[in-house]
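Have a look at the structure below, then the notes.
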Amino acid sequence: MPGTHRTPVSPLPRPGIRAQDFTDPFTRRLLLNEGSTTELLERRGRCRLGLRVVEQTLAPLHLRDGRLLDMLGVTPQTPCLVRRTELVSPEGTAVSRNLVIGLLPRSDEVTQVVTHHSVALGRSVNLRGIPQRRTLLSAGLTTWQGTGRTVPAVSRGYLLHLDDEAPLYVAETFNPAVAPPWRGTGTGTGTAAPVSAVRAVPAVTTALGRAS
């Protein structure tokens, strides 16, 4: 990873929306899932998802909400892992965009898991049998950038506890073709598209730079 520098981070989705308020059953299941998001998406799409690392660095966290700093046990000056990744379909389309922030784990094994460049976090944790639990903090709406347009997308944020390490904060945003952001009555009908068939909102190249 490159040397320490300041990376702006705004991880929290817009609050105040319960998972149960979304009309699509798969969207609700994603938001309430306490296990591996990767494995749930793969079971839904009947395909193996790849990992694309967009950014991975150590940097002080620039957060608007200081409560998250307290949850992570860090100060605004503490160098933390900032990792942005995408889960991609076999065709290369982004199915989810993910942010992981927090202290680098003390354990070399757990560090390898959370910084791996080719294996998704949830899959790697399960393969190694590392004790884990998730504490859901928020579910709501954010935006998904496609080719020339920005559309609403479902997002959630949670604390990931791995073994006896300090918690990591994970924010996941889902391609709206996979997890429709419909709410209430009159907001849309239908079902989520299979992951392997997602083409409605293609992946875009970000300006965050490549991982080293």
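Identifiers for the structure tokens are assigned positionally: chains receive A, B, ... in sequence, residues are indexed from 1 per chain, and ligands are indexed from 1 in the order shown.
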What are the DSSP strand (DSSP E) residues of segment 82-181 of chain A, as a CSV table (one decimal) with C-alpha atoms, in the first residue's frame?
chain,number,residue,atom,x,y,z
A,82,VAL,CA,-9.3,2.6,3.4
A,83,ARG,CA,-10.2,-0.1,0.9
A,84,ARG,CA,-12.7,0.4,-2.0
A,85,THR,CA,-13.6,-2.7,-4.0
A,86,GLU,CA,-16.2,-3.9,-6.5
A,87,LEU,CA,-17.7,-7.4,-6.8
A,88,VAL,CA,-18.0,-8.0,-10.6
A,94,ALA,CA,-20.1,-4.2,-11.0
A,95,VAL,CA,-22.7,-5.9,-8.9
A,96,SER,CA,-21.7,-4.1,-5.6
A,97,ARG,CA,-19.3,-1.3,-4.6
A,98,ASN,CA,-17.8,-1.7,-1.2
A,99,LEU,CA,-15.9,0.4,1.3
A,100,VAL,CA,-13.9,-1.1,4.3
A,101,ILE,CA,-12.3,1.3,6.8
A,102,GLY,CA,-10.7,0.8,10.2
A,132,GLN,CA,-17.0,-13.2,12.7
A,133,ARG,CA,-20.1,-11.2,13.5
A,134,ARG,CA,-21.8,-8.2,12.0
A,135,THR,CA,-23.6,-5.3,13.7
A,136,LEU,CA,-25.9,-3.5,11.3
A,137,LEU,CA,-25.7,0.3,11.7
A,138,SER,CA,-27.7,1.7,8.8
A,139,ALA,CA,-29.7,0.9,5.7
A,140,GLY,CA,-30.8,3.4,3.2
A,141,LEU,CA,-30.4,5.0,-0.2
A,142,THR,CA,-27.4,6.4,-1.9
A,143,THR,CA,-26.5,6.8,-5.6
A,144,TRP,CA,-25.1,4.5,-8.2
A,145,GLN,CA,-23.1,6.0,-11.1
A,150,THR,CA,-26.8,8.6,-11.6
A,151,VAL,CA,-29.6,6.5,-10.2
A,152,PRO,CA,-30.8,5.7,-6.6
A,153,ALA,CA,-29.3,2.6,-5.1
A,154,VAL,CA,-29.6,0.6,-1.9
A,155,SER,CA,-26.8,0.7,0.6
A,156,ARG,CA,-26.1,-0.5,4.1
A,157,GLY,CA,-23.4,0.0,6.7
A,158,TYR,CA,-22.3,-2.3,9.5
A,159,LEU,CA,-19.5,-3.1,11.9
A,160,LEU,CA,-17.6,-6.3,11.0
A,161,HIS,CA,-16.0,-8.0,14.0
A,162,LEU,CA,-13.3,-10.5,13.0
A,168,LEU,CA,-14.0,-2.6,10.7
A,169,TYR,CA,-16.7,-0.5,9.1
A,170,VAL,CA,-18.1,-1.9,5.9
A,171,ALA,CA,-20.4,0.0,3.5
A,172,GLU,CA,-22.0,-1.9,0.6
A,173,THR,CA,-23.9,-0.3,-2.3
A,174,PHE,CA,-25.8,-2.5,-4.7
Could you list, as a PyMOL selection string, every residue within 9 Å of Val110 of chain A, counting only C-alpha atoms and ignoring same-chain residues fewer than 2 positions away? chain A and resi 104-108+112-115+125+130+162-163+165
Give me, please, the distance in Å between atom CA of Ile17 of chain A and atom CA of Pro180 of chain A, quoted to one decimal.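 Result for atom CA of Ile17 of chain A versus atom CA of Pro180 of chain A: 14.2 Å, one decimal.
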Hey, what's within 6 Å of Cys80 of chain A if we count only C-alpha atoms and toss same-chain stuff fewer than 3 positions away? As a count of residues only, please? 5
Give the alpha helix (DSSP H) residues of segment 5-205 of chain A, as assigned by DSSP on the backbone, as a compact mmCIF listing (two decimals) with N, CA and C atoms, in the first residue's frame.
# COMPACT_ATOMS: atom_id res chain seq x y z
N PRO A 25 -38.16 -8.51 -2.36
CA PRO A 25 -37.73 -9.48 -1.33
C PRO A 25 -36.22 -9.67 -1.27
N PHE A 26 -35.56 -9.68 -2.44
CA PHE A 26 -34.11 -9.89 -2.41
C PHE A 26 -33.39 -8.69 -1.82
N THR A 27 -33.90 -7.48 -2.09
CA THR A 27 -33.31 -6.28 -1.48
C THR A 27 -33.39 -6.36 0.03
N ARG A 28 -34.54 -6.74 0.54
CA ARG A 28 -34.70 -6.85 2.00
C ARG A 28 -33.75 -7.92 2.55
N ARG A 29 -33.64 -9.02 1.84
CA ARG A 29 -32.77 -10.09 2.31
C ARG A 29 -31.31 -9.64 2.34
N LEU A 30 -30.88 -8.91 1.33
CA LEU A 30 -29.51 -8.38 1.31
C LEU A 30 -29.25 -7.48 2.50
N LEU A 31 -30.18 -6.57 2.76
CA LEU A 31 -29.96 -5.58 3.81
C LEU A 31 -29.95 -6.20 5.20
N LEU A 32 -30.67 -7.30 5.38
CA LEU A 32 -30.74 -7.94 6.69
C LEU A 32 -29.77 -9.09 6.84
N THR A 37 -22.00 -11.37 2.15
CA THR A 37 -22.74 -10.75 1.05
C THR A 37 -22.34 -11.37 -0.27
N THR A 38 -21.05 -11.65 -0.43
CA THR A 38 -20.56 -12.27 -1.67
C THR A 38 -21.29 -13.57 -1.95
N GLU A 39 -21.37 -14.43 -0.95
CA GLU A 39 -21.99 -15.73 -1.15
C GLU A 39 -23.49 -15.61 -1.43
N LEU A 40 -24.15 -14.65 -0.79
CA LEU A 40 -25.57 -14.44 -1.05
C LEU A 40 -25.80 -13.98 -2.48
N LEU A 41 -24.99 -13.05 -2.95
CA LEU A 41 -25.11 -12.58 -4.33
C LEU A 41 -24.80 -13.70 -5.33
N GLU A 42 -23.84 -14.52 -5.00
CA GLU A 42 -23.49 -15.63 -5.90
C GLU A 42 -24.60 -16.68 -5.95
N ARG A 43 -25.21 -16.96 -4.82
CA ARG A 43 -26.33 -17.91 -4.84
C ARG A 43 -27.49 -17.35 -5.64
N ARG A 44 -27.71 -16.06 -5.54
CA ARG A 44 -28.80 -15.42 -6.29
C ARG A 44 -28.55 -15.49 -7.79
N GLY A 45 -27.31 -15.26 -8.21
CA GLY A 45 -27.00 -15.20 -9.63
C GLY A 45 -26.47 -16.48 -10.23
N GLY A 66 -18.46 11.87 13.87
CA GLY A 66 -17.41 11.41 14.76
C GLY A 66 -17.77 10.16 15.54
N ARG A 67 -19.05 9.80 15.58
CA ARG A 67 -19.44 8.60 16.32
C ARG A 67 -18.82 7.35 15.71
N LEU A 68 -18.65 7.34 14.40
CA LEU A 68 -18.05 6.17 13.77
C LEU A 68 -16.59 6.03 14.17
N LEU A 69 -15.88 7.15 14.31
CA LEU A 69 -14.50 7.09 14.80
C LEU A 69 -14.45 6.42 16.17
N ASP A 70 -15.40 6.78 17.03
CA ASP A 70 -15.43 6.19 18.36
C ASP A 70 -15.69 4.68 18.28
N MET A 71 -16.60 4.27 17.39
CA MET A 71 -16.89 2.85 17.24
C MET A 71 -15.68 2.06 16.78
N LEU A 72 -14.86 2.70 15.93
CA LEU A 72 -13.67 2.04 15.40
C LEU A 72 -12.48 2.15 16.34
N ASP A 108 -1.48 -11.20 11.38
CA ASP A 108 -1.07 -11.25 9.98
C ASP A 108 -2.12 -11.96 9.12
N GLU A 109 -2.71 -13.02 9.67
CA GLU A 109 -3.71 -13.77 8.90
C GLU A 109 -4.93 -12.90 8.59
N VAL A 110 -5.43 -12.19 9.58
CA VAL A 110 -6.61 -11.35 9.36
C VAL A 110 -6.26 -10.18 8.44
N THR A 111 -5.06 -9.64 8.58
CA THR A 111 -4.63 -8.57 7.67
C THR A 111 -4.63 -9.06 6.23
N GLN A 112 -4.13 -10.27 5.99
CA GLN A 112 -4.13 -10.82 4.63
C GLN A 112 -5.55 -10.95 4.10
N VAL A 113 -6.47 -11.32 4.97
CA VAL A 113 -7.87 -11.49 4.55
C VAL A 113 -8.48 -10.16 4.13
N VAL A 114 -8.28 -9.12 4.93
CA VAL A 114 -8.97 -7.85 4.66
C VAL A 114 -8.28 -7.02 3.60
N THR A 115 -7.07 -7.41 3.18
CA THR A 115 -6.36 -6.64 2.15
C THR A 115 -6.11 -7.45 0.89
N LEU A 121 -13.70 -10.27 0.67
CA LEU A 121 -13.55 -10.35 2.12
C LEU A 121 -14.40 -11.46 2.73
N GLY A 122 -15.70 -11.47 2.41
CA GLY A 122 -16.58 -12.47 3.01
C GLY A 122 -16.17 -13.89 2.67
N ARG A 123 -15.77 -14.11 1.41
CA ARG A 123 -15.34 -15.45 1.00
C ARG A 123 -14.08 -15.87 1.75
N SER A 124 -13.12 -14.94 1.86
CA SER A 124 -11.85 -15.25 2.50
C SER A 124 -12.04 -15.55 3.98
N VAL A 125 -12.90 -14.79 4.64
CA VAL A 125 -13.17 -15.02 6.06
C VAL A 125 -13.76 -16.42 6.27
N ASN A 126 -14.71 -16.79 5.41
CA ASN A 126 -15.34 -18.10 5.54
C ASN A 126 -14.37 -19.23 5.24
N LEU A 127 -13.53 -19.06 4.22
CA LEU A 127 -12.58 -20.10 3.86
C LEU A 127 -11.59 -20.38 4.99
N ARG A 128 -11.21 -19.33 5.70
CA ARG A 128 -10.23 -19.49 6.77
C ARG A 128 -10.86 -19.80 8.11
Distance in Å - atom CA of His62 of chain A versus atom CA of Leu81 of chain A: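 Taking atom CA of His62 of chain A as the start and atom CA of Leu81 of chain A as the end point, the length is 12.3 Å.
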